[in-house]
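S.K.: Below is the file start-v4.txt, with compact mmCIF, C-alpha atoms.
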```txt
# COMPACT_ATOMS: atom_id res chain seq x y z
CA MET A 22 21.04 -13.34 17.74
CA ALA A 23 23.36 -11.03 19.62
CA ASP A 24 22.54 -9.59 23.02
CA VAL A 25 22.56 -5.93 23.85
CA THR A 26 23.61 -4.41 27.13
CA GLN A 27 21.22 -2.52 29.35
CA GLU A 28 23.23 0.67 28.71
CA GLN A 29 22.96 0.27 24.94
CA LEU A 30 19.21 -0.28 25.12
CA PHE A 31 18.80 2.74 27.40
CA GLU A 32 20.79 4.86 24.96
CA PHE A 33 18.67 3.70 22.02
CA LEU A 34 15.42 4.44 23.85
CA CYS A 35 16.69 7.91 24.79
CA ARG A 36 17.39 8.59 21.12
CA MET A 37 13.83 7.68 20.16
CA GLY A 38 12.33 9.57 23.10
CA ASP A 39 14.52 12.66 22.81
CA ASN A 40 13.66 13.02 19.12
CA THR A 41 9.96 13.13 19.90
CA LEU A 42 10.43 15.22 23.06
CA VAL A 43 12.52 17.94 21.45
CA LEU A 44 10.56 18.09 18.20
CA GLY A 45 7.29 17.92 20.13
CA HIS A 46 8.37 20.91 22.21
CA ARG A 47 9.44 22.81 19.12
CA VAL A 48 6.11 22.21 17.41
CA SER A 49 4.23 23.20 20.57
CA GLU A 50 5.91 26.62 20.37
CA TRP A 51 3.44 27.39 17.56
CA CYS A 52 0.45 26.98 19.85
CA GLY A 53 -1.52 30.23 19.57
CA HIS A 54 0.83 31.62 16.91
CA ALA A 55 0.15 29.63 13.73
CA PRO A 56 -0.94 31.54 10.62
CA VAL A 57 -4.50 30.16 10.69
CA LEU A 58 -6.62 28.53 13.35
CA GLU A 59 -6.82 25.20 11.51
CA GLU A 60 -3.03 24.88 11.28
CA ASP A 61 -2.67 25.95 14.89
CA ILE A 62 -4.85 23.07 16.08
CA ALA A 63 -3.20 20.62 13.67
CA LEU A 64 0.28 21.55 14.92
CA ALA A 65 -0.85 21.26 18.53
CA ASN A 66 -2.21 17.78 17.77
CA THR A 67 1.11 16.77 16.24
CA ALA A 68 3.01 18.13 19.24
CA LEU A 69 0.75 16.22 21.62
CA ASP A 70 1.22 12.99 19.63
CA LEU A 71 4.99 13.42 19.87
CA ILE A 72 4.91 14.17 23.59
CA GLY A 73 2.71 11.09 24.10
CA GLN A 74 5.26 8.97 22.26
CA THR A 75 7.98 10.51 24.43
CA GLN A 76 6.21 9.29 27.55
CA MET A 77 6.31 5.75 26.20
CA TRP A 78 9.93 5.81 24.99
CA LEU A 79 11.42 7.55 28.01
CA GLY A 80 9.16 5.59 30.36
CA LEU A 81 10.60 2.38 28.96
CA ALA A 82 14.10 3.89 29.10
CA GLY A 83 13.61 4.51 32.83
CA GLU A 84 12.43 0.92 33.35
CA VAL A 85 15.39 -0.48 31.44
CA GLU A 86 17.82 1.69 33.39
CA GLY A 87 16.37 0.37 36.66
CA LYS A 88 17.29 3.38 38.79
CA GLY A 89 13.71 4.42 39.42
CA ARG A 90 13.73 7.38 37.03
CA THR A 91 10.40 8.25 35.41
CA ALA A 92 9.87 9.66 31.92
CA ASP A 93 9.40 13.10 33.56
CA ASP A 94 12.70 12.78 35.43
CA ILE A 95 14.55 11.95 32.24
CA ALA A 96 12.86 14.72 30.24
CA MET A 97 13.08 17.52 32.77
CA LEU A 98 16.18 16.83 34.88
CA ARG A 99 18.90 16.33 32.27
CA ASP A 100 20.98 19.02 30.60
CA VAL A 101 22.03 19.47 26.98
CA TRP A 102 24.91 16.99 26.97
CA ASP A 103 22.62 14.12 28.01
CA PHE A 104 20.17 14.62 25.14
CA ARG A 105 20.30 12.15 22.27
CA ASN A 106 17.98 13.69 19.67
CA VAL A 107 19.10 14.26 16.09
CA LEU A 108 20.12 17.85 15.32
CA LEU A 109 17.21 18.26 12.88
CA ALA A 110 14.69 18.02 15.72
CA GLU A 111 16.16 20.93 17.69
CA GLN A 112 16.43 23.38 14.79
CA PRO A 113 14.38 26.56 15.36
CA ASN A 114 10.89 26.91 13.90
CA GLY A 115 11.76 29.78 11.56
CA ASP A 116 8.72 30.67 9.49
CA PHE A 117 5.77 28.32 9.02
CA GLY A 118 7.30 26.87 5.86
CA GLN A 119 10.57 26.06 7.61
CA THR A 120 8.64 24.32 10.40
CA MET A 121 6.69 22.21 7.90
CA MET A 122 9.83 21.33 5.94
CA ARG A 123 11.57 20.20 9.16
CA GLN A 124 8.46 18.22 10.03
CA PHE A 125 8.29 16.49 6.66
CA LEU A 126 12.00 15.61 6.60
CA PHE A 127 11.67 14.12 10.09
CA ASP A 128 8.26 12.49 9.60
CA ALA A 129 9.43 10.54 6.55
CA TRP A 130 12.33 9.08 8.56
CA HIS A 131 10.12 8.55 11.59
CA LEU A 132 7.58 6.59 9.52
CA ALA A 133 10.25 4.30 8.01
CA MET A 134 11.85 3.78 11.43
CA LEU A 135 8.62 3.05 13.29
CA THR A 136 7.35 0.74 10.54
CA ALA A 137 10.53 -1.31 10.93
CA LEU A 138 10.31 -1.18 14.73
CA THR A 139 6.85 -2.77 14.69
CA LYS A 140 8.75 -5.97 13.83
CA SER A 141 11.25 -5.51 16.64
CA THR A 142 12.29 -8.59 18.61
CA HIS A 143 11.78 -6.44 21.74
CA GLU A 144 8.10 -6.79 22.58
CA GLN A 145 7.59 -3.43 24.29
CA ILE A 146 9.43 -1.56 21.53
CA ALA A 147 7.26 -3.26 18.90
CA ALA A 148 4.13 -2.31 20.87
CA ILE A 149 5.15 1.36 21.21
CA ALA A 150 5.99 1.50 17.50
CA ALA A 151 2.64 -0.05 16.54
CA LYS A 152 0.80 2.69 18.43
CA ALA A 153 3.02 5.53 17.23
CA VAL A 154 3.16 4.54 13.57
CA LYS A 155 -0.54 5.32 13.05
CA GLU A 156 -0.03 8.84 14.37
CA VAL A 157 3.05 9.36 12.26
CA GLN A 158 1.36 8.13 9.09
CA TYR A 159 -0.98 11.07 9.47
CA HIS A 160 1.82 13.50 10.38
CA VAL A 161 3.74 12.75 7.20
CA GLU A 162 0.64 12.90 5.02
CA ARG A 163 -0.14 16.33 6.38
CA SER A 164 3.41 17.72 6.32
CA GLY A 165 3.98 16.29 2.83
CA GLU A 166 0.79 17.90 1.47
CA THR A 167 1.81 21.22 3.00
CA VAL A 168 5.30 21.05 1.55
CA ILE A 169 3.76 20.42 -1.89
CA GLY A 170 1.18 23.17 -1.46
CA LEU A 171 3.71 25.79 -0.39
CA GLY A 172 6.57 24.65 -2.63
CA ASP A 173 4.33 24.66 -5.70
CA GLY A 174 2.46 27.74 -4.50
CA THR A 175 3.27 31.40 -5.02
CA SER A 176 6.75 32.63 -5.89
CA GLU A 177 7.07 33.86 -2.30
CA SER A 178 6.06 30.53 -0.73
CA HIS A 179 8.23 28.62 -3.22
CA LYS A 180 11.27 30.71 -2.30
CA ARG A 181 10.70 30.21 1.41
CA MET A 182 10.35 26.44 0.99
CA GLN A 183 13.50 26.22 -1.12
CA ASP A 184 15.36 28.25 1.52
CA ALA A 185 14.04 25.89 4.19
CA LEU A 186 15.13 22.82 2.22
CA ASP A 187 18.61 24.31 1.62
CA LEU A 188 18.91 25.05 5.33
CA LEU A 189 17.63 21.72 6.65
CA TRP A 190 18.77 19.14 4.08
CA PRO A 191 22.27 18.90 5.62
CA TYR A 192 20.60 17.65 8.81
CA VAL A 193 18.97 14.67 7.06
CA GLY A 194 22.12 12.54 6.86
CA GLU A 195 22.51 12.17 10.62
CA MET A 196 19.29 10.13 10.84
CA PHE A 197 20.90 7.35 8.76
CA VAL A 198 24.41 7.23 10.24
CA SER A 199 24.95 4.18 12.43
CA ASP A 200 27.28 3.89 15.38
CA ALA A 201 28.08 1.00 17.74
CA ILE A 202 24.70 1.34 19.47
CA ASP A 203 22.75 1.14 16.22
CA ASP A 204 24.84 -1.81 15.08
CA ALA A 205 24.16 -3.66 18.32
CA MET A 206 20.40 -2.97 18.00
CA ALA A 207 20.38 -4.17 14.39
CA ALA A 208 22.37 -7.32 15.23
CA ALA A 209 19.86 -8.19 17.96
CA GLY A 210 16.90 -7.54 15.66
CA ILE A 211 15.67 -4.81 17.99
CA ALA A 212 15.96 -2.02 15.43
CA PRO A 213 16.56 -1.91 11.68
CA ASP A 214 19.86 -1.21 9.98
CA LEU A 215 19.61 2.57 9.51
CA ALA A 216 21.35 2.46 6.13
CA ASP A 217 18.53 0.20 4.88
CA LEU A 218 15.99 2.90 5.68
CA ARG A 219 17.67 5.41 3.39
CA ALA A 220 16.38 3.94 0.13
CA GLN A 221 12.85 3.89 1.53
CA TYR A 222 13.27 7.48 2.71
CA ASP A 223 14.52 8.72 -0.64
CA ALA A 224 11.70 6.91 -2.45
CA HIS A 225 9.23 8.78 -0.24
CA VAL A 226 10.85 12.21 -0.06
CA THR A 227 12.18 12.68 -3.60
CA PRO A 228 8.81 12.57 -5.43
CA VAL A 229 7.18 14.85 -2.83
CA LEU A 230 9.93 17.46 -3.20
CA ALA A 231 9.74 17.10 -7.00
CA GLU A 232 5.98 17.67 -6.91
CA ALA A 233 6.68 20.68 -4.70
CA THR A 234 9.01 21.93 -7.51
CA LEU A 235 11.90 22.06 -5.03
CA MET A 236 15.53 21.21 -5.76
CA ILE A 237 17.37 18.92 -3.35
CA PRO A 238 20.73 20.55 -2.59
CA GLU A 239 23.75 18.79 -4.01
CA GLY A 240 26.44 17.21 -1.89
CA GLY A 241 26.25 14.68 0.90
CA PHE A 242 27.45 16.83 3.78
CA ALA A 243 25.69 15.97 7.03
CA HIS A 244 25.79 17.78 10.36
CA LYS A 245 26.26 15.18 13.07
CA GLY A 246 26.66 14.86 16.81
CA GLY A 247 23.11 15.14 18.17
CA LYS A 248 22.13 11.53 18.67
CA THR A 249 25.55 10.52 19.95
CA GLY A 250 25.50 13.48 22.33
CA PHE A 251 28.85 14.63 20.98
CA GLN A 252 27.76 18.16 20.16
CA HIS A 253 24.32 19.71 19.88
CA THR A 254 23.64 22.98 18.10
CA GLU A 255 23.33 26.06 20.30
CA HIS A 256 19.55 25.95 19.86
CA LEU A 257 18.96 22.99 22.17
CA GLY A 258 20.21 24.81 25.27
CA HIS A 259 17.80 27.67 24.65
CA LEU A 260 14.95 25.24 24.08
CA LEU A 261 15.67 23.51 27.39
CA THR A 262 15.61 26.79 29.34
CA GLN A 263 11.99 27.13 28.24
CA MET A 264 10.99 23.48 28.52
CA GLN A 265 12.67 22.89 31.88
CA TRP A 266 12.02 26.32 33.36
CA LEU A 267 9.63 25.14 36.03
CA GLN A 268 11.87 22.36 37.34
CA ARG A 269 14.86 24.69 37.30
CA ALA A 270 13.07 27.48 39.17
CA TYR A 271 11.19 25.18 41.56
CA PRO A 272 13.13 21.90 41.81
CA GLY A 273 10.89 18.95 42.57
CA ALA A 274 7.70 20.96 42.11
CA THR A 275 4.61 18.83 41.57
CA TRP A 276 0.91 19.69 41.27
CA MET B 1188 -40.35 30.34 -4.07
CA SER B 1189 -37.44 32.26 -5.47
CA SER B 1190 -34.11 30.68 -6.31
CA PRO B 1191 -32.23 28.94 -3.47
CA ASN B 1192 -29.99 30.97 -1.20
CA SER B 1193 -26.46 30.35 -0.05
CA ALA B 1194 -25.81 28.77 3.32
CA TYR B 1195 -25.00 32.23 4.68
CA PRO B 1196 -27.81 34.53 3.55
CA ASP B 1197 -26.43 37.47 5.56
CA ILE B 1198 -23.37 37.62 3.33
CA PRO B 1199 -24.24 39.20 -0.02
CA GLU B 1200 -23.64 36.72 -2.83
CA THR B 1201 -22.60 39.44 -5.24
CA GLN B 1202 -19.39 39.75 -3.26
CA THR B 1203 -17.50 37.18 -5.28
CA LYS B 1204 -14.05 38.37 -4.28
CA PRO B 1205 -13.39 38.20 -0.56
CA LYS B 1206 -11.99 41.36 1.01
CA ARG B 1207 -9.02 39.41 2.29
CA HIS B 1208 -7.27 36.71 0.34
CA GLU B 1209 -8.64 33.77 2.26
CA TRP B 1210 -9.10 30.05 1.80
CA PRO B 1211 -12.67 29.07 0.96
CA LEU B 1212 -15.08 28.11 3.71
CA TRP B 1213 -16.09 24.46 4.11
CA GLU B 1214 -18.98 22.96 6.04
CA VAL B 1215 -18.08 19.84 8.01
CA PHE B 1216 -20.34 16.84 8.61
CA ILE B 1217 -19.28 13.99 10.86
CA ARG B 1218 -20.77 10.58 11.45
CA GLY B 1219 -20.27 9.59 15.07
CA GLN B 1220 -19.42 6.21 16.53
CA HIS B 1221 -23.06 5.20 16.96
CA GLY B 1222 -24.87 7.49 14.56
CA MET B 1223 -26.18 6.43 11.18
CA SER B 1224 -26.13 9.88 9.63
CA HIS B 1225 -23.55 12.61 9.19
CA ARG B 1226 -24.35 15.67 11.30
CA HIS B 1227 -23.24 19.21 10.71
CA VAL B 1228 -20.60 20.09 13.31
CA GLY B 1229 -19.24 23.41 12.10
CA SER B 1230 -17.13 25.01 9.45
CA LEU B 1231 -13.49 25.78 8.69
CA HIS B 1232 -11.21 27.23 6.05
CA ALA B 1233 -8.98 25.14 3.78
CA PRO B 1234 -7.31 25.54 0.37
CA ASP B 1235 -8.85 22.38 -1.14
CA GLU B 1236 -11.07 19.44 -0.28
CA GLU B 1237 -8.26 17.15 0.83
CA MET B 1238 -6.92 19.72 3.27
CA ALA B 1239 -10.50 20.44 4.37
CA ILE B 1240 -10.86 16.80 5.43
CA LYS B 1241 -7.49 16.87 7.18
CA ASN B 1242 -8.39 20.10 8.96
CA ALA B 1243 -11.76 18.66 9.92
CA ARG B 1244 -9.98 15.65 11.35
CA ASP B 1245 -7.75 17.91 13.44
CA VAL B 1246 -10.40 20.42 14.50
CA TYR B 1247 -13.50 18.25 14.99
CA THR B 1248 -12.41 14.67 15.77
CA ARG B 1249 -9.72 15.26 18.40
CA ARG B 1250 -11.83 13.57 21.05
CA ASN B 1251 -12.67 10.48 19.07
CA GLU B 1252 -15.99 11.89 17.86
CA GLY B 1253 -16.14 10.45 14.40
CA VAL B 1254 -15.79 7.53 12.03
CA SER B 1255 -16.50 9.42 8.81
CA ILE B 1256 -16.10 12.99 7.58
CA TRP B 1257 -17.91 14.85 4.81
CA VAL B 1258 -16.91 18.33 3.73
CA VAL B 1259 -18.65 20.56 1.25
CA GLU B 1260 -17.68 24.02 0.18
CA ALA B 1261 -20.13 26.40 1.81
CA CYS B 1262 -20.91 28.18 -1.48
CA ASN B 1263 -22.21 24.88 -2.89
CA ILE B 1264 -24.93 24.57 -0.28
CA ALA B 1265 -28.37 25.73 -1.32
CA ALA B 1266 -30.45 26.95 1.60
CA SER B 1267 -34.01 28.04 2.18
CA SER B 1268 -34.51 31.73 2.63
CA PRO B 1269 -35.16 33.01 6.17
CA SER B 1270 -37.53 35.63 4.77
CA GLU B 1271 -39.82 32.91 3.39
CA LYS B 1272 -40.28 31.32 6.80
CA GLY B 1273 -44.00 32.10 6.77
CA PRO B 1274 -45.13 30.36 3.61
CA LEU B 1275 -42.60 27.56 4.06
CA TYR B 1276 -43.30 26.42 7.60
CA GLU B 1277 -46.40 28.03 9.04
CA PRO B 1278 -48.94 26.02 7.02
CA SER B 1279 -47.86 22.82 8.77
CA GLU B 1280 -48.32 24.31 12.24
CA SER B 1281 -52.08 23.79 12.09
CA LYS B 1282 -51.87 20.24 10.83
CA VAL B 1283 -51.13 18.30 14.00
CA TYR B 1284 -52.90 15.26 12.50
CA ARG B 1285 -49.79 14.72 10.43
CA HIS B 1286 -48.16 13.39 13.58
CA PRO B 1287 -49.18 9.75 13.81
CA THR B 1288 -50.30 10.14 17.43
CA PHE B 1289 -54.01 9.52 16.91
CA PHE B 1290 -53.76 5.80 16.34
CA ASP B 1291 -53.75 2.96 18.81
CA ILE B 1292 -50.75 0.86 17.99
CA PRO B 1293 -51.33 -2.87 18.50
CA GLU B 1294 -49.09 -4.29 21.20
CA GLU B 1295 -47.63 -6.85 18.80
CA VAL B 1296 -46.00 -4.02 16.85
CA GLY B 1297 -43.86 -3.04 19.82
CA ALA B 1298 -41.94 0.22 20.08
CA MET B 1299 -41.94 2.33 16.96
```
Could you show the structure in this file as structure tokens?
M.R.:
Amino acid sequence: MADVTQEQLFEFLCRMGDNTLVLGHRVSEWCGHAPVLEEDIALANTALDLIGQTQMWLGLAGEVEGKGRTADDIAMLRDVWDFRNVLLAEQPNGDFGQTMMRQFLFDAWHLAMLTALTKSTHEQIAAIAAKAVKEVQYHVERSGETVIGLGDGTSESHKRMQDALDLLWPYVGEMFVSDAIDDAMAAAGIAPDLADLRAQYDAHVTPVLAEATLMIPEGGFAHKGGKTGFQHTEHLGHLLTQMQWLQRAYPGATW
Amino acid sequence: MSSPNSAYPDIPETQTKPKRHEWPLWEVFIRGQHGMSHRHVGSLHAPDEEMAIKNARDVYTRRNEGVSIWVVEACNIAASSPSEKGPLYEPSESKVYRHPTFFDIPEEVGAM
């Protein structure tokens, strides 16, 4: 079994943690604004689950890095170019349907990834995945049901869900593209081969979208550059001005 | 006694169509960690029974309150009528002997 460097492991953990951090923040933006009270609380629960997972991933990233950074330091004191989340996670909420479509497309990947990570050769990663996978099983059940309900709902809700799928589908591919870091993780048995997850993902997502009477857009184009840090969309910078506002205005503030 | 009432007697039953297009109302019952029975905890709106259970999970079990959830659409609950309080409950007020407090319980029986 191949070894991975400390830097590679740190990078991998930032990818996991930044996905949940950025998406968790996005989902939390609905707090107090969702269309009905029940969905408001459900979205807040999802956001809190994701932020909780972030604490574990970025906490471990800080340990691995060995420079004394905490999960909070990594989350609040980096700028756009240091973030390693996939582009899908940072896309704006749009309407409720767009938010739930983004959630479902991410959740289905997240479930496949975490399920594989429970068998990681890295003990702490396997433990984090085992805790997170139960939360994510519920997330994907809920987001999937909502996608079906709205997709196969009224003509208005159907149109909005199809628009959301057309908009977000090109961001799906990035979650399955491997680079040197992913290859090193797979070789060491720390993380799965991302390409292997794709069949599982399609087997999950395709029937749900079919039941929702939605058409998957043709073509395999995929926006990339989020998880490698090459180029985020303009939305992430705006998100960080909100998320990191306190630390930017009052550096080092604690309470 | 006349026919059973709905769970919400203040809302006229003749009003079949809600004023706003809303999801139906569901009553939520949760069995706690140590309880044997499901207890009514509140109500919520949901499009169908599966979503009602999911919503109940999110609204009423966030703090680890439950191990089992029941939901029932509020319109399917039959309730006693508040206006029949008198004949329904007052007769038992004067029958304290129905409480088994007038017997000496042998010590061997222990706590009951």
S.K.: For each of A:Pro113, A:Gly170, A:Gly38, A:Gly53, take the minimum atom-to-atom distance to chain B, counting all atoms listed in the file, then give the residue where this is smallest.
M.R.: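 Checking each candidate against chain B, we get A:Gly170 as the closest.
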S.K.: Starting from the point (-12.9, 31.3, 1.8), work out which residues of protein, DNA or RNA have an atom no more than 10 Å away when counting all atoms listed in the file; state them as a PDB file with C-alpha atoms, in the frame of the given file.
M.R.:
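What follows is the written file point16.pdb:
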```
ATOM      1  CA  LYS B1204     -14.050  38.370  -4.280  1.00  0.00           C
ATOM      2  CA  PRO B1205     -13.390  38.200  -0.560  1.00  0.00           C
ATOM      3  CA  ARG B1207      -9.020  39.410   2.290  1.00  0.00           C
ATOM      4  CA  HIS B1208      -7.270  36.710   0.340  1.00  0.00           C
ATOM      5  CA  GLU B1209      -8.640  33.770   2.260  1.00  0.00           C
ATOM      6  CA  TRP B1210      -9.100  30.050   1.800  1.00  0.00           C
ATOM      7  CA  PRO B1211     -12.670  29.070   0.960  1.00  0.00           C
ATOM      8  CA  LEU B1212     -15.080  28.110   3.710  1.00  0.00           C
ATOM      9  CA  TRP B1213     -16.090  24.460   4.110  1.00  0.00           C
ATOM     10  CA  LEU B1231     -13.490  25.780   8.690  1.00  0.00           C
ATOM     11  CA  HIS B1232     -11.210  27.230   6.050  1.00  0.00           C
ATOM     12  CA  ALA B1233      -8.980  25.140   3.780  1.00  0.00           C
ATOM     13  CA  PRO B1234      -7.310  25.540   0.370  1.00  0.00           C
ATOM     14  CA  GLU B1260     -17.680  24.020   0.180  1.00  0.00           C
ATOM     15  CA  ALA B1261     -20.130  26.400   1.810  1.00  0.00           C
ATOM     16  CA  CYS B1262     -20.910  28.180  -1.480  1.00  0.00           C
TER      17      CYS B1262
END
```
S.K.: So what do you get for atom CA of Val1259 of chain B versus atom CA of Ala63 of chain A, distance-wise?
M.R.: 19.8 Å
S.K.: What is the atom CA of Leu42 of chain A to atom CA of Asn106 of chain A distance in Å?
M.R.: 8.4 Å
S.K.: For a test of reading the model, state the distance in Å between atom CA of Ala220 of chain A and atom CA of Trp130 of chain A, rounded to one decimal.
M.R.: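 Atom-to-atom, atom CA of Ala220 of chain A to atom CA of Trp130 of chain A, that is 10.7 Å.
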S.K.: Near chain A, meaning an atom within 8 Å, which residues of chain B appear when counting all atoms listed in the file? Write them as a PyMOL selection string.
M.R.: chain B and resi 1231-1232+1241-1242+1245-1246+1249
S.K.: So that I can check the surroundings of Leu218 of chain A, please list as a list in words every protein, DNA and RNA residue that reaches within 8 Å of it, counting only C-alpha atoms and ignoring chain neighbours fewer than 2 positions away.
M.R.: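 That gives Trp130, Ala133, Met134, Phe197, Pro213, Asp214, Leu215, Ala216, Ala220, Gln221 and Tyr222 of chain A.
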S.K.: Go ahead and write the selection's residues with C-alpha atoms as an mmCIF file, in the frame of the given file.
M.R.:
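The result, written out as result_0.cif:
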```
data_model
loop_
_atom_site.group_PDB
_atom_site.id
_atom_site.type_symbol
_atom_site.label_atom_id
_atom_site.label_comp_id
_atom_site.auth_asym_id
_atom_site.auth_seq_id
_atom_site.Cartn_x
_atom_site.Cartn_y
_atom_site.Cartn_z
ATOM 1 C CA TRP A 130 12.330 9.080 8.560
ATOM 2 C CA ALA A 133 10.250 4.300 8.010
ATOM 3 C CA MET A 134 11.850 3.780 11.430
ATOM 4 C CA PHE A 197 20.900 7.350 8.760
ATOM 5 C CA PRO A 213 16.560 -1.910 11.680
ATOM 6 C CA ASP A 214 19.860 -1.210 9.980
ATOM 7 C CA LEU A 215 19.610 2.570 9.510
ATOM 8 C CA ALA A 216 21.350 2.460 6.130
ATOM 9 C CA ALA A 220 16.380 3.940 0.130
ATOM 10 C CA GLN A 221 12.850 3.890 1.530
ATOM 11 C CA TYR A 222 13.270 7.480 2.710
#
```
S.K.: Find the residues around Ile149 of chain A up to 10 Å (only C-alpha atoms counted), leave out those fewer than 2 positions away in its own chain, and share them as a list in words.
M.R.: Gln74, Met77, Trp78, Leu81, Leu135, Leu138, Thr139, Glu144, Gln145, Ile146, Ala147, Ala151, Lys152, Ala153 and Val154 of chain A
S.K.: Using all atoms listed in the file, collect all residues at a distance of at most 12 Å from (9.1, 8.6, -2.0) as written in the file, then present them as a PDB file with C-alpha atoms, in the coordinates of the input.
M.R.:
```pdb
ATOM      1  CA  PHE A 125       8.290  16.490   6.660  1.00  0.00           C
ATOM      2  CA  LEU A 126      12.000  15.610   6.600  1.00  0.00           C
ATOM      3  CA  ALA A 129       9.430  10.540   6.550  1.00  0.00           C
ATOM      4  CA  TRP A 130      12.330   9.080   8.560  1.00  0.00           C
ATOM      5  CA  LEU A 132       7.580   6.590   9.520  1.00  0.00           C
ATOM      6  CA  ALA A 133      10.250   4.300   8.010  1.00  0.00           C
ATOM      7  CA  VAL A 161       3.740  12.750   7.200  1.00  0.00           C
ATOM      8  CA  GLU A 162       0.640  12.900   5.020  1.00  0.00           C
ATOM      9  CA  GLY A 165       3.980  16.290   2.830  1.00  0.00           C
ATOM     10  CA  LEU A 218      15.990   2.900   5.680  1.00  0.00           C
ATOM     11  CA  ARG A 219      17.670   5.410   3.390  1.00  0.00           C
ATOM     12  CA  ALA A 220      16.380   3.940   0.130  1.00  0.00           C
ATOM     13  CA  GLN A 221      12.850   3.890   1.530  1.00  0.00           C
ATOM     14  CA  TYR A 222      13.270   7.480   2.710  1.00  0.00           C
ATOM     15  CA  ASP A 223      14.520   8.720  -0.640  1.00  0.00           C
ATOM     16  CA  ALA A 224      11.700   6.910  -2.450  1.00  0.00           C
ATOM     17  CA  HIS A 225       9.230   8.780  -0.240  1.00  0.00           C
ATOM     18  CA  VAL A 226      10.850  12.210  -0.060  1.00  0.00           C
ATOM     19  CA  THR A 227      12.180  12.680  -3.600  1.00  0.00           C
ATOM     20  CA  PRO A 228       8.810  12.570  -5.430  1.00  0.00           C
ATOM     21  CA  VAL A 229       7.180  14.850  -2.830  1.00  0.00           C
ATOM     22  CA  LEU A 230       9.930  17.460  -3.200  1.00  0.00           C
ATOM     23  CA  ALA A 231       9.740  17.100  -7.000  1.00  0.00           C
ATOM     24  CA  GLU A 232       5.980  17.670  -6.910  1.00  0.00           C
TER      25      GLU A 232
END
```
S.K.: Which of these residues is nearest to Glu32 of chain A, using all atoms listed in the file: A:Glu239, A:Asp203, A:Glu195, A:Asp173?
M.R.: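 Closest to Glu32 of chain A of all the choices is A:Asp203.
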S.K.: Kindly compute an axis-aligned box around the listed atoms of segment 1274-1289 of chain B, allowing 3 Å on each side, and express its centre and edge lengths in Å to one decimal as JSON.
M.R.:
```
{"center_x": -48.3, "center_y": 19.9, "center_z": 10.5, "size_x": 17.4, "size_y": 26.8, "size_z": 19.8}
```
S.K.: For a quick check of understanding, using only C-alpha atoms, which of A:Phe117, A:Trp102, A:Trp190, A:Trp51 has the smallest distance to Pro238 of chain A?
M.R.: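 Smallest separation from Pro238 of chain A among the options: A:Trp190.
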